[in-house]
Structures are given as structure tokens and as C-alpha cells.
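Below is query_11.txt, which holds compact mmCIF, C-alpha atoms and all ligand atoms.
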```
# COMPACT_ATOMS: atom_id res chain seq x y z
CA MET D 30 -13.31 -18.99 -25.41
CA HIS D 31 -11.97 -15.46 -25.91
CA ARG D 32 -9.57 -14.57 -23.13
CA HIS D 33 -8.86 -11.01 -22.13
CA LYS D 34 -5.25 -10.08 -21.58
CA LEU D 35 -4.77 -7.79 -18.59
CA VAL D 36 -1.53 -5.93 -17.99
CA THR D 37 -0.70 -5.21 -14.34
CA VAL D 38 1.77 -2.40 -13.66
CA ILE D 39 3.47 -2.55 -10.26
CA GLY D 40 6.78 -1.40 -8.85
CA ALA D 41 6.66 -0.66 -5.12
CA ARG D 42 6.32 -2.83 -2.04
CA PRO D 43 2.70 -1.98 -1.15
CA GLN D 44 1.71 -2.69 -4.75
CA PHE D 45 3.13 -6.22 -4.63
CA ILE D 46 1.04 -6.87 -1.53
CA LYS D 47 -2.15 -5.47 -3.11
CA ALA D 48 -1.64 -7.04 -6.53
CA SER D 49 -0.97 -10.49 -5.07
CA ALA D 50 -4.60 -10.74 -3.93
CA VAL D 51 -5.99 -9.79 -7.33
CA SER D 52 -3.50 -12.05 -9.16
CA ARG D 53 -4.71 -14.97 -7.07
CA ALA D 54 -8.32 -14.21 -7.98
CA LEU D 55 -7.46 -13.67 -11.66
CA ALA D 56 -5.68 -17.02 -11.78
CA THR D 57 -8.93 -18.77 -10.87
CA SER D 58 -10.82 -17.01 -13.69
CA ARG D 59 -10.95 -18.67 -17.10
CA VAL D 60 -11.66 -15.33 -18.74
CA PHE D 61 -8.39 -13.50 -18.05
CA SER D 62 -4.68 -13.89 -18.60
CA GLU D 63 -2.35 -11.56 -16.71
CA VAL D 64 0.95 -10.04 -17.82
CA ILE D 65 2.96 -8.21 -15.17
CA ILE D 66 5.21 -5.21 -15.70
CA HIS D 67 7.59 -4.51 -12.79
CA THR D 68 8.81 -0.94 -13.15
CA GLY D 69 11.70 -1.44 -10.72
CA GLN D 70 10.71 1.46 -8.45
CA HIS D 71 11.63 -0.80 -5.51
CA PHE D 72 14.46 -3.16 -6.38
CA ASP D 73 16.28 -4.41 -3.25
CA ASP D 74 15.62 -8.11 -2.64
CA ASN D 75 13.98 -7.32 0.70
CA MET D 76 11.73 -4.66 -0.86
CA SER D 77 10.76 -6.66 -3.95
CA LYS D 78 11.91 -10.25 -4.59
CA VAL D 79 10.84 -11.54 -1.17
CA PHE D 80 7.24 -10.48 -1.92
CA PHE D 81 7.14 -12.18 -5.32
CA ASP D 82 8.45 -15.35 -3.66
CA GLU D 83 6.31 -15.35 -0.52
CA LEU D 84 3.09 -14.06 -2.03
CA ALA D 85 3.48 -16.27 -5.12
CA ILE D 86 3.00 -13.39 -7.54
CA PRO D 87 3.50 -14.53 -11.15
CA ALA D 88 6.95 -13.58 -12.45
CA PRO D 89 6.93 -10.27 -14.32
CA ARG D 90 7.24 -10.61 -18.07
CA HIS D 91 8.77 -7.13 -18.23
CA ASN D 92 11.29 -5.77 -15.74
CA LEU D 93 12.04 -2.12 -16.42
CA GLY D 94 14.65 -1.53 -13.73
CA ILE D 95 13.67 2.12 -13.32
CA GLY D 96 14.31 3.22 -9.73
CA SER D 97 16.38 5.68 -7.69
CA LEU D 98 15.55 8.71 -9.84
CA GLY D 99 13.76 12.00 -9.24
CA HIS D 100 10.01 12.06 -9.80
CA GLY D 101 10.18 13.53 -13.30
CA ALA D 102 12.85 11.22 -14.68
CA MET D 103 11.33 8.17 -13.02
CA THR D 104 7.78 8.79 -14.20
CA GLY D 105 8.93 9.88 -17.65
CA ARG D 106 11.09 6.84 -18.28
CA MET D 107 8.38 4.53 -17.03
CA LEU D 108 5.84 6.18 -19.30
CA GLU D 109 8.04 5.70 -22.35
CA ARG D 110 8.80 2.03 -21.64
CA ILE D 111 5.26 1.09 -20.61
CA GLU D 112 3.87 2.64 -23.79
CA GLN D 113 6.21 0.48 -25.92
CA ILE D 114 5.18 -2.63 -24.01
CA LEU D 115 1.46 -1.89 -24.29
CA LEU D 116 1.84 -1.39 -28.04
CA ALA D 117 3.42 -4.83 -28.27
CA GLU D 118 1.17 -6.64 -25.76
CA ARG D 119 -2.11 -5.03 -26.90
CA PRO D 120 -3.99 -5.74 -23.65
CA SER D 121 -7.74 -5.36 -23.08
CA LEU D 122 -7.15 -3.48 -19.83
CA VAL D 123 -4.37 -2.12 -17.63
CA LEU D 124 -4.53 -2.56 -13.85
CA VAL D 125 -2.76 -0.10 -11.58
CA TYR D 126 -2.55 0.06 -7.79
CA GLY D 127 -2.36 2.76 -5.15
CA ASP D 128 -0.51 6.02 -5.54
CA THR D 129 3.10 5.73 -6.70
CA ASN D 130 4.89 6.99 -9.81
CA SER D 131 4.39 3.50 -11.29
CA THR D 132 0.62 3.93 -10.84
CA LEU D 133 0.53 7.23 -12.68
CA ALA D 134 2.89 6.13 -15.46
CA GLY D 135 0.88 2.94 -16.09
CA ALA D 136 -2.44 4.79 -16.16
CA LEU D 137 -1.19 7.58 -18.39
CA ALA D 138 0.50 5.28 -20.91
CA ALA D 139 -2.67 3.19 -21.22
CA ARG D 140 -5.07 6.13 -21.40
CA LYS D 141 -3.15 7.76 -24.26
CA LEU D 142 -3.34 4.49 -26.20
CA GLN D 143 -7.10 4.18 -25.51
CA VAL D 144 -6.54 1.09 -23.38
CA PRO D 145 -9.08 0.99 -20.50
CA VAL D 146 -7.55 1.61 -17.05
CA ALA D 147 -8.65 0.06 -13.75
CA HIS D 148 -7.41 1.70 -10.55
CA VAL D 149 -7.35 -0.41 -7.41
CA GLU D 150 -7.50 1.77 -4.27
CA ALA D 151 -9.29 4.62 -6.00
CA GLY D 152 -10.83 7.65 -4.29
CA LEU D 153 -8.39 8.01 -1.41
CA ARG D 154 -7.51 11.55 -0.49
CA SER D 155 -5.32 13.17 2.12
CA PHE D 156 -6.28 16.63 0.80
CA ASN D 157 -2.59 17.48 1.03
CA LEU D 158 -1.20 18.23 -2.40
CA ARG D 159 2.32 18.47 -1.01
CA MET D 160 2.34 14.66 -0.97
CA PRO D 161 3.52 13.16 -4.27
CA GLU D 162 1.10 10.29 -3.56
CA GLU D 163 -1.89 12.67 -3.55
CA VAL D 164 -0.95 14.03 -6.97
CA ASN D 165 -0.58 10.50 -8.35
CA ARG D 166 -3.94 9.44 -6.94
CA ILE D 167 -5.96 12.36 -8.22
CA LEU D 168 -4.53 12.16 -11.74
CA THR D 169 -4.84 8.39 -11.92
CA ASP D 170 -8.44 8.42 -10.74
CA ARG D 171 -9.38 11.05 -13.29
CA ILE D 172 -8.19 8.97 -16.27
CA SER D 173 -9.40 5.57 -15.05
CA ASP D 174 -12.38 3.73 -16.51
CA LEU D 175 -12.88 1.45 -13.52
CA LEU D 176 -12.45 2.87 -10.04
CA PHE D 177 -12.22 0.26 -7.30
CA CYS D 178 -12.78 1.99 -3.96
CA PRO D 179 -11.78 0.30 -0.70
CA THR D 180 -14.11 2.35 1.51
CA SER D 181 -17.32 4.32 1.35
CA SER D 182 -15.36 7.45 2.23
CA ALA D 183 -13.33 6.90 -0.95
CA VAL D 184 -16.57 6.69 -2.94
CA ALA D 185 -17.77 9.89 -1.25
CA ASN D 186 -14.51 11.65 -2.21
CA LEU D 187 -15.04 10.77 -5.87
CA ARG D 188 -18.66 11.92 -5.76
CA ALA D 189 -17.61 15.23 -4.20
CA GLU D 190 -15.18 15.74 -7.11
CA GLY D 191 -17.95 15.14 -9.66
CA PHE D 192 -16.83 11.70 -10.82
CA GLU D 193 -20.41 10.54 -11.27
CA GLY D 194 -20.57 12.88 -14.24
CA PHE D 195 -17.47 11.31 -15.83
CA PRO D 196 -17.48 8.29 -18.14
CA CYS D 197 -16.21 5.84 -15.53
CA ARG D 198 -17.55 3.12 -13.25
CA ILE D 199 -17.17 3.43 -9.50
CA HIS D 200 -17.26 0.22 -7.45
CA LEU D 201 -17.11 -0.13 -3.69
CA THR D 202 -15.14 -3.39 -3.44
CA GLY D 203 -13.51 -3.36 0.00
CA ASP D 204 -9.76 -3.35 0.46
CA VAL D 205 -7.51 -5.92 -1.23
CA MET D 206 -4.99 -5.58 1.61
CA GLU D 207 -7.49 -7.28 3.87
CA ASP D 208 -7.64 -10.23 1.46
CA THR D 209 -3.85 -10.54 1.65
CA ALA D 210 -3.74 -10.03 5.43
CA ARG D 211 -6.32 -12.74 6.07
CA HIS D 212 -4.76 -15.21 3.68
CA PHE D 213 -1.25 -14.80 5.07
CA GLY D 214 -2.37 -14.32 8.66
CA ARG D 215 -3.40 -17.97 8.58
CA LEU D 216 -0.13 -19.03 6.92
CA ALA D 217 2.09 -17.10 9.37
CA ALA D 218 0.65 -18.81 12.44
CA GLY D 219 2.93 -21.64 13.50
CA LYS D 220 5.87 -20.57 11.32
CA ALA D 221 9.26 -19.67 12.75
CA THR D 222 9.62 -15.98 11.98
CA VAL D 223 11.55 -12.87 12.86
CA VAL D 224 9.60 -12.79 16.13
CA ASP D 225 11.44 -15.95 17.17
CA ARG D 226 14.76 -14.91 15.65
CA LEU D 227 14.68 -11.68 17.71
CA SER D 228 13.34 -13.50 20.80
CA LEU D 229 10.33 -11.20 20.89
CA ARG D 230 7.79 -13.91 21.67
CA GLY D 231 5.97 -13.09 24.90
CA ARG D 232 7.81 -9.78 25.27
CA PRO D 233 5.69 -6.66 24.80
CA PHE D 234 6.91 -4.30 22.07
CA ALA D 235 5.69 -1.63 19.67
CA LEU D 236 6.11 -2.11 15.92
CA CYS D 237 7.15 1.01 14.05
CA THR D 238 7.62 1.90 10.37
CA LEU D 239 8.57 5.27 8.98
CA HIS D 240 9.15 6.24 5.36
CA ARG D 241 6.88 9.06 4.11
CA ALA D 242 8.85 11.78 2.37
CA GLU D 243 7.08 14.43 4.47
CA ASN D 244 8.77 12.90 7.56
CA THR D 245 12.10 11.67 6.20
CA ASP D 246 12.90 14.75 4.10
CA ASP D 247 12.14 17.22 6.89
CA ALA D 248 14.99 17.23 9.42
CA GLY D 249 12.83 18.77 12.17
CA ARG D 250 10.01 16.26 11.81
CA LEU D 251 12.36 13.29 11.64
CA ALA D 252 14.24 14.43 14.76
CA SER D 253 11.07 15.01 16.80
CA ILE D 254 9.58 11.67 15.76
CA VAL D 255 12.78 9.86 16.74
CA ALA D 256 12.81 11.73 20.08
CA ALA D 257 9.25 10.52 20.76
CA LEU D 258 10.17 6.95 19.83
CA HIS D 259 13.11 7.06 22.25
CA GLU D 260 10.78 8.26 24.99
CA ILE D 261 8.25 5.47 24.25
CA ALA D 262 11.03 2.86 24.16
CA ARG D 263 11.77 3.61 27.84
CA GLU D 264 8.55 1.78 28.70
CA LEU D 265 7.82 -0.31 25.58
CA PRO D 266 10.66 -1.46 23.29
CA VAL D 267 10.25 -0.20 19.72
CA VAL D 268 11.09 -2.54 16.82
CA LEU D 269 11.75 -0.61 13.62
CA PRO D 270 12.18 -2.37 10.25
CA LEU D 271 13.94 0.48 8.51
CA HIS D 272 12.94 1.59 5.01
CA PRO D 273 15.96 2.38 2.78
CA ARG D 274 14.77 5.98 2.28
CA THR D 275 14.66 6.55 6.04
CA ALA D 276 18.01 4.84 6.54
CA GLY D 277 19.48 7.31 4.02
CA ALA D 278 17.84 10.32 5.68
CA ILE D 279 19.06 9.27 9.13
CA ARG D 280 22.61 8.91 7.80
CA ARG D 281 22.50 12.26 6.02
CA GLN D 282 21.03 14.08 9.00
CA ALA D 283 23.35 12.26 11.44
CA ILE D 284 20.48 11.36 13.77
CA ALA D 285 21.41 8.87 16.53
CA ILE D 286 18.90 6.02 16.85
CA ASP D 287 18.69 3.86 19.93
CA LEU D 288 15.83 1.52 19.00
CA GLN D 289 15.69 -2.09 17.83
CA VAL D 290 16.40 -1.30 14.18
CA ILE D 291 16.15 -4.21 11.73
CA GLU D 292 16.28 -4.56 7.96
CA PRO D 293 12.95 -4.39 6.09
CA VAL D 294 11.20 -7.74 6.51
CA GLY D 295 9.16 -9.91 4.17
CA TYR D 296 5.40 -10.07 4.40
CA ILE D 297 5.13 -13.23 6.54
CA ASP D 298 7.57 -11.73 9.05
CA MET D 299 5.57 -8.51 9.00
CA VAL D 300 2.36 -10.37 9.76
CA ALA D 301 4.11 -12.21 12.59
CA LEU D 302 5.37 -8.89 14.01
CA LEU D 303 1.85 -7.44 13.80
CA GLN D 304 0.41 -10.48 15.56
CA ALA D 305 3.00 -10.24 18.35
CA ALA D 306 3.17 -6.45 18.82
CA ARG D 307 1.22 -4.56 21.46
CA LEU D 308 0.66 -1.55 19.25
CA VAL D 309 1.78 0.03 15.98
CA LEU D 310 3.43 3.40 15.31
CA THR D 311 3.58 4.25 11.62
CA ASP D 312 3.30 6.73 8.79
CA SER D 313 2.47 3.92 6.32
CA GLY D 314 -0.93 3.73 4.72
CA GLY D 315 -0.91 -0.06 4.52
CA LEU D 316 0.23 -0.61 8.06
CA GLN D 317 -2.56 1.50 9.53
CA LYS D 318 -5.06 -0.94 8.07
CA GLU D 319 -3.02 -4.03 8.93
CA ALA D 320 -2.90 -2.87 12.56
CA TYR D 321 -6.70 -2.92 12.44
CA PHE D 322 -6.89 -6.32 10.68
CA PHE D 323 -4.63 -7.82 13.37
CA GLU D 324 -6.45 -5.91 16.12
CA ARG D 325 -3.67 -3.63 17.29
CA PRO D 326 -4.14 0.06 18.21
CA CYS D 327 -2.28 2.35 15.82
CA VAL D 328 -0.61 5.72 16.29
CA THR D 329 -0.24 7.47 12.93
CA LEU D 330 2.84 9.66 12.61
CA ARG D 331 1.26 12.11 10.17
CA ASP D 332 -0.93 15.21 10.18
CA GLU D 333 -3.73 13.57 8.20
CA THR D 334 -4.74 10.13 7.02
CA GLU D 335 -6.65 8.76 4.05
CA TRP D 336 -8.05 6.03 6.33
CA VAL D 337 -10.36 8.34 8.25
CA GLU D 338 -12.73 5.57 9.34
CA LEU D 339 -9.99 4.12 11.56
CA VAL D 340 -9.69 7.39 13.46
CA GLN D 341 -13.46 7.87 13.63
CA GLY D 342 -13.83 4.29 14.84
CA GLY D 343 -11.38 4.78 17.71
CA CYS D 344 -8.74 2.36 16.38
CA ASN D 345 -6.19 4.91 15.18
CA TRP D 346 -4.73 8.06 16.77
CA LEU D 347 -3.50 10.80 14.46
CA ALA D 348 -0.39 12.08 16.21
CA GLY D 349 1.30 14.57 13.86
CA ALA D 350 5.07 14.72 14.11
CA THR D 351 5.74 16.65 17.32
CA THR D 352 7.25 14.75 20.22
CA GLN D 353 4.46 15.85 22.56
CA GLY D 354 1.71 15.01 20.06
CA ILE D 355 3.13 11.52 19.51
CA LEU D 356 3.51 10.83 23.22
CA ALA D 357 -0.07 11.94 23.92
CA ALA D 358 -1.43 9.76 21.10
CA TYR D 359 0.68 6.85 22.29
CA ARG D 360 -0.71 7.13 25.83
CA SER D 361 -4.29 7.16 24.53
CA ALA D 362 -3.64 4.21 22.21
CA ALA D 363 -1.86 2.18 24.92
CA ALA D 364 -4.80 2.65 27.32
CA ALA D 365 -7.57 2.02 24.77
CA ARG D 366 -9.58 -1.13 24.13
CA PRO D 367 -10.74 -0.47 20.55
CA ASP D 368 -13.56 -2.33 18.86
CA PHE D 369 -11.97 -4.14 15.91
CA SER D 370 -15.07 -6.06 14.90
CA THR D 371 -16.46 -3.33 12.67
CA LYS D 372 -15.43 -4.74 9.24
CA LEU D 373 -14.52 -1.35 7.80
CA TYR D 374 -12.79 -2.83 4.75
CA GLY D 375 -15.17 -5.41 3.39
CA GLY D 376 -14.02 -8.52 5.24
CA GLY D 377 -11.47 -9.91 2.77
CA ALA D 378 -13.48 -10.36 -0.43
CA ALA D 379 -12.25 -7.35 -2.40
CA SER D 380 -10.24 -9.18 -5.05
CA SER D 381 -13.12 -11.42 -6.11
CA ALA D 382 -15.37 -8.32 -6.27
CA ILE D 383 -12.78 -6.65 -8.52
CA VAL D 384 -12.50 -9.61 -10.85
CA ALA D 385 -16.32 -9.85 -11.07
CA ALA D 386 -16.55 -6.13 -11.89
CA ILE D 387 -13.95 -6.47 -14.68
CA GLU D 388 -15.86 -9.44 -16.11
CA ASP D 389 -18.99 -7.33 -16.01
CA TYR D 390 -17.25 -4.47 -17.75
CA PHE D 391 -16.28 -6.65 -20.70
CA ALA D 392 -19.68 -8.36 -20.80
CA ALA D 393 -21.41 -4.95 -20.99
CA ASP D 394 -18.96 -3.92 -23.69
CA ARG D 395 -20.00 -6.80 -25.93
CA GLN D 396 -23.72 -6.02 -25.74
N1 LIG N 1 5.88 -4.08 4.95
C1 LIG N 1 6.65 -5.25 4.92
N2 LIG N 1 7.89 -5.20 5.48
C2 LIG N 1 8.41 -4.09 6.07
C3 LIG N 1 7.61 -2.92 6.11
C4 LIG N 1 6.35 -2.95 5.53
O1 LIG N 1 6.20 -6.27 4.43
O2 LIG N 1 9.55 -4.13 6.54
C5 LIG N 1 4.55 -4.11 4.34
C6 LIG N 1 3.44 -3.70 5.25
O3 LIG N 1 3.02 -4.78 6.03
C7 LIG N 1 2.38 -3.24 4.27
C8 LIG N 1 3.20 -2.63 3.18
O4 LIG N 1 4.50 -3.16 3.30
O5 LIG N 1 1.64 -4.32 3.75
C9 LIG N 1 3.18 -1.15 3.35
O6 LIG N 1 4.04 -0.60 2.48
P1 LIG N 1 4.66 0.85 2.74
O7 LIG N 1 4.56 1.18 4.18
O8 LIG N 1 6.00 0.81 2.10
O9 LIG N 1 3.74 1.78 1.85
P2 LIG N 1 2.34 2.50 2.07
O10 LIG N 1 1.36 1.48 2.53
O11 LIG N 1 2.53 3.60 3.02
O12 LIG N 1 2.00 3.00 0.70
```
What would you get if you wrote out this structure as C-alpha cells?
Amino acid sequence: MHRHKLVTVIGARPQFIKASAVSRALATSRVFSEVIIHTGQHFDDNMSKVFFDELAIPAPRHNLGIGSLGHGAMTGRMLERIEQILLAERPSLVLVYGDTNSTLAGALAARKLQVPVAHVEAGLRSFNLRMPEEVNRILTDRISDLLFCPTSSAVANLRAEGFEGFPCRIHLTGDVMEDTARHFGRLAAGKATVVDRLSLRGRPFALCTLHRAENTDDAGRLASIVAALHEIARELPVVLPLHPRTAGAIRRQAIAIDLQVIEPVGYIDMVALLQAARLVLTDSGGLQKEAYFFERPCVTLRDETEWVELVQGGCNWLAGATTQGILAAYRSAAAARPDFSTKLYGGGAASSAIVAAIEDYFAADRQ
């Protein structure tokens, strides 16, 4: 039987988590073989290796080691290397995830070589072009052949931008992060995790992550967020697995932090923290949804979110970055009893829907 070679381009933590679900589904298909390129955008063991190990992602065939550079140099070097690899590998399709420089570089390299591109997590918009992620998303969507949308609002965004008139296929698949969360939610139960190591079991706490450039690179926003977290910690301890970018910003800006700061954790530990936490405070895209999957109210430390259905559904409070705004959102979230039964993200079957749509794409191609 003719097998299609797919090249997956990943490089950042959220991409490992998303791609693991699709890799698992691809491995059960007899039609596809998968080759992974790791760009090296995230490279610390606790930002990269731990996810390959825990989530059983196939080892990358190509490790580019391109990280810690400005946007232009990083994207440019990735583009050059990925193009060389695609010329050698000659895949039938390239799969890219989310909204990082690795996403854009993978899509652009493939497009220029006339290799079809599939974008997982297509159609998301913050409508804030100051975010590098928004630029990456819009450009990647525009040059993709297959657009896998996690939500109906993502489909609506593409329609509003005229994508139905473009030569691409739009699929509403649900969110692959839910597939991963469900799979590993079951595995985390009963394991000794960071929750035990930190003696958090049975003790109420809030789980916080913070890493968006718009917060870390703006001294005023970072200081007012930290002030709000200190205030919250007076009544509910705040556990903060600290992203390396934020750790750097805090050092540079000499901000004093009096919270339970820990190193970034692996995925199983993260799931255990989500299961044990009372609520979540975050500027992460992924964590907003995971809070919902594990039925925890979420305060989002941003001015807008791509996951609008969480806010509309009363599960997420958009706080901005002022101390007062965050405290008000926190009080609402702490008092709320949200309805988490609404299945906003497809229920955990997104990766099989994606694999079926890719099979369909090649079947249609042969006719
Ligand atoms: N995550 C993790 N360990 C951490 C912090 C986050 O495993 O210490 C996971 C988190 O559960 C989610 C993903 O990383 O699945 C989110 O990645 P990140 O916040 O870096 O990016 P974003 O989702 O905002 O693009």
C-alpha cells in the first residue's frame, strides 16, 4: 500500500502537547508515516525533553537547535533549514501547530515548495496585531491547504476573512488539547506528583502561569500583575511554575516575588496541579482550556482572548493586567459555580477527526 509521509514541524511546549495527540492517532493509521522536525525554539529539558518522554512523542528525526534569537533571525534560520529538509524528505504534507515562529517557518517553507500545509488550531484570532502570535496565525492560515479549527468561532473568523473563497479546506475538528488532557488526566490520577512533593494535597491554592510577551516585556503590566497575585495570595496561596522568559523579565526588572514559585513542570505534574487547584490565573492559551477541561474557573491575565466561548460560557474571566481588574475578576471567579458540561471543544476526538480529514484529502486527490 502507498504510504504518505507527513512532516510535523514543532518547537515550543504547547506544540508538543498538541502534536502528541495527532501523533498517537497517526500511529494507528496504516496510511501515514510521520517524520518530526524539532526546531529547538524551546530547548530546556523541562520545556522540551520531558514532554517527548511523558507524552511518548516519536523522537524527532531532525533537531535544528534554533532558539534564543530575535523573531527575524529565528524564523529566517528555521525557514532555511526546514526547506533543505523538505527537499530531502519529499513529504506529501506538512503539519504545523498553533502560532509560534516554528509554525510560520514550517508553513512558509512547505508552501514555497508546493508541499500541502495542514494547520492545526486554525482560525484563532485575538484581533491584536501587536501579538507576534497573531501575525503567525494569520499568515499561516492564509497559506494552508487544510485548516483544522478547534471551535466554531474559529471557523466564523475564517469565513469573515473570506477564506471560503480561497483554495483550502476548513474543518471543524474540536481541540486536540482536549484529547491530550483526557488521555493524561486518566494517567495522572493515582500517580505521585508535584502536588505530593509540595504537600499541596488537600490544601486550597491557585495555579498561575505567566509568559506572554505583552505582560513580561511591559514593566508596568508585569508589576501590576505581580501586585495582584500578592494580594490574592493573602487568602489563597498562589503556585507559579515560572516560564524562563518571565524569570528573565523578573530578574531584569528587579521585581520581588513572594509566591510559591517553582520550575516549569512536565505535563503529568501540570495535570495534577490542575486537578488539585481551586482556580487558575493565567495568560496562557492552553491553560485557559485546560482549566475548563479539569473544571476549574479561570482568570485570564490579558485584555482579550482567542477562546471567547469560555468567557461567554461563564467559565473564564478576562481580567486585563491592572491590579484592580485582576482582583475583581478573581473575586467573581472564586464565587462562581460555572457549568463545565458544555463540551465547547469537541469532547476529545479532534485528533481522529484530523487524521480522517487528511485521509480524505489524499483520497480526493487521487480521483
Ligand atoms: N504547561 C506545562 N508545564 C508548565 C506550564 C505549562 O506542562 O510548567 C503546559 C500547559 O498545561 C499547557 C501548555 O503547557 O498544556 C501551555 O503552553 P504555554 O502556556 O507555554 O503556551 P500557550 O498555550 O499560551 O501557547
Contact table stretch 178-272 of chain D vs stretch 119-140 of chain D, cut-off 12 Å, shortest pair per residue, only C-alpha atoms, as JSON lines:
```
{"residue": "D:Cys178", "atom": "CA", "partner": "D:Gly127", "partner_atom": "CA", "distance": 10.5}
{"residue": "D:Pro179", "atom": "CA", "partner": "D:Gly127", "partner_atom": "CA", "distance": 10.7}
{"residue": "D:Asp204", "atom": "CA", "partner": "D:Gly127", "partner_atom": "CA", "distance": 11.1}
{"residue": "D:Val205", "atom": "CA", "partner": "D:Tyr126", "partner_atom": "CA", "distance": 10.2}
{"residue": "D:Met206", "atom": "CA", "partner": "D:Gly127", "partner_atom": "CA", "distance": 11.1}
{"residue": "D:Arg241", "atom": "CA", "partner": "D:Thr129", "partner_atom": "CA", "distance": 11.9}
```
Produce a table with one row for each residue of chain D that has an atom at most 6 Å from any atom of ligand LIG 1 (chain N), each row naming the nearest atom pair and its distance in Å at one decimal; use all atoms listed in the file; arrange rows by chain and rising residue number; format as JSON lines.
```
{"residue": "D:Arg42", "atom": "CA", "partner": "N:LIG1", "partner_atom": "O8", "distance": 5.5}
{"residue": "D:Pro43", "atom": "CA", "partner": "N:LIG1", "partner_atom": "O6", "distance": 4.1}
{"residue": "D:Ile46", "atom": "CA", "partner": "N:LIG1", "partner_atom": "O5", "distance": 5.9}
{"residue": "D:Pro270", "atom": "CA", "partner": "N:LIG1", "partner_atom": "O2", "distance": 4.9}
{"residue": "D:Pro293", "atom": "CA", "partner": "N:LIG1", "partner_atom": "O2", "distance": 3.4}
{"residue": "D:Val294", "atom": "CA", "partner": "N:LIG1", "partner_atom": "O2", "distance": 4.0}
{"residue": "D:Gly295", "atom": "CA", "partner": "N:LIG1", "partner_atom": "O1", "distance": 4.7}
{"residue": "D:Tyr296", "atom": "CA", "partner": "N:LIG1", "partner_atom": "O1", "distance": 3.9}
{"residue": "D:Met299", "atom": "CA", "partner": "N:LIG1", "partner_atom": "O1", "distance": 5.1}
{"residue": "D:Ser313", "atom": "CA", "partner": "N:LIG1", "partner_atom": "O11", "distance": 3.3}
{"residue": "D:Gly314", "atom": "CA", "partner": "N:LIG1", "partner_atom": "O11", "distance": 3.9}
{"residue": "D:Gly315", "atom": "CA", "partner": "N:LIG1", "partner_atom": "O10", "distance": 3.4}
{"residue": "D:Leu316", "atom": "CA", "partner": "N:LIG1", "partner_atom": "C7", "distance": 5.1}
```
Next, write the just-selected residues to a file, as a PDB file, keeping the file's coordinate frame, keeping C-alpha atoms as the atom set.
```
ATOM      1  CA  ARG D  42       6.320  -2.830  -2.040  1.00  0.00           C
ATOM      2  CA  PRO D  43       2.700  -1.980  -1.150  1.00  0.00           C
ATOM      3  CA  ILE D  46       1.040  -6.870  -1.530  1.00  0.00           C
ATOM      4  CA  PRO D 270      12.180  -2.370  10.250  1.00  0.00           C
ATOM      5  CA  PRO D 293      12.950  -4.390   6.090  1.00  0.00           C
ATOM      6  CA  VAL D 294      11.200  -7.740   6.510  1.00  0.00           C
ATOM      7  CA  GLY D 295       9.160  -9.910   4.170  1.00  0.00           C
ATOM      8  CA  TYR D 296       5.400 -10.070   4.400  1.00  0.00           C
ATOM      9  CA  MET D 299       5.570  -8.510   9.000  1.00  0.00           C
ATOM     10  CA  SER D 313       2.470   3.920   6.320  1.00  0.00           C
ATOM     11  CA  GLY D 314      -0.930   3.730   4.720  1.00  0.00           C
ATOM     12  CA  GLY D 315      -0.910  -0.060   4.520  1.00  0.00           C
ATOM     13  CA  LEU D 316       0.230  -0.610   8.060  1.00  0.00           C
TER      14      LEU D 316
END
```
Which is closer to D:Ala50 than all the others in D:Gln289, D:Gln317, D:Thr209, D:Ser253, using only C-alpha atoms? D:Thr209
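In this comparison, which uses all atoms listed in the file, the residue of D:Glu324, D:Leu239, D:Thr352, D:Glu260 approaching D:Val290 most closely is D:Leu239.
Between D:Phe322 and the residues D:Phe369, D:Leu265, D:Leu347, D:Ala306, the shortest atom-to-atom distance, using only C-alpha atoms, involves D:Phe369.
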For D:Ile95, which residue among D:Arg211, D:Gly40, D:Arg59, D:Leu116 is the nearest when counting all atoms listed in the file?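 Residue with the minimum atom-to-atom distance to D:Ile95: D:Gly40.
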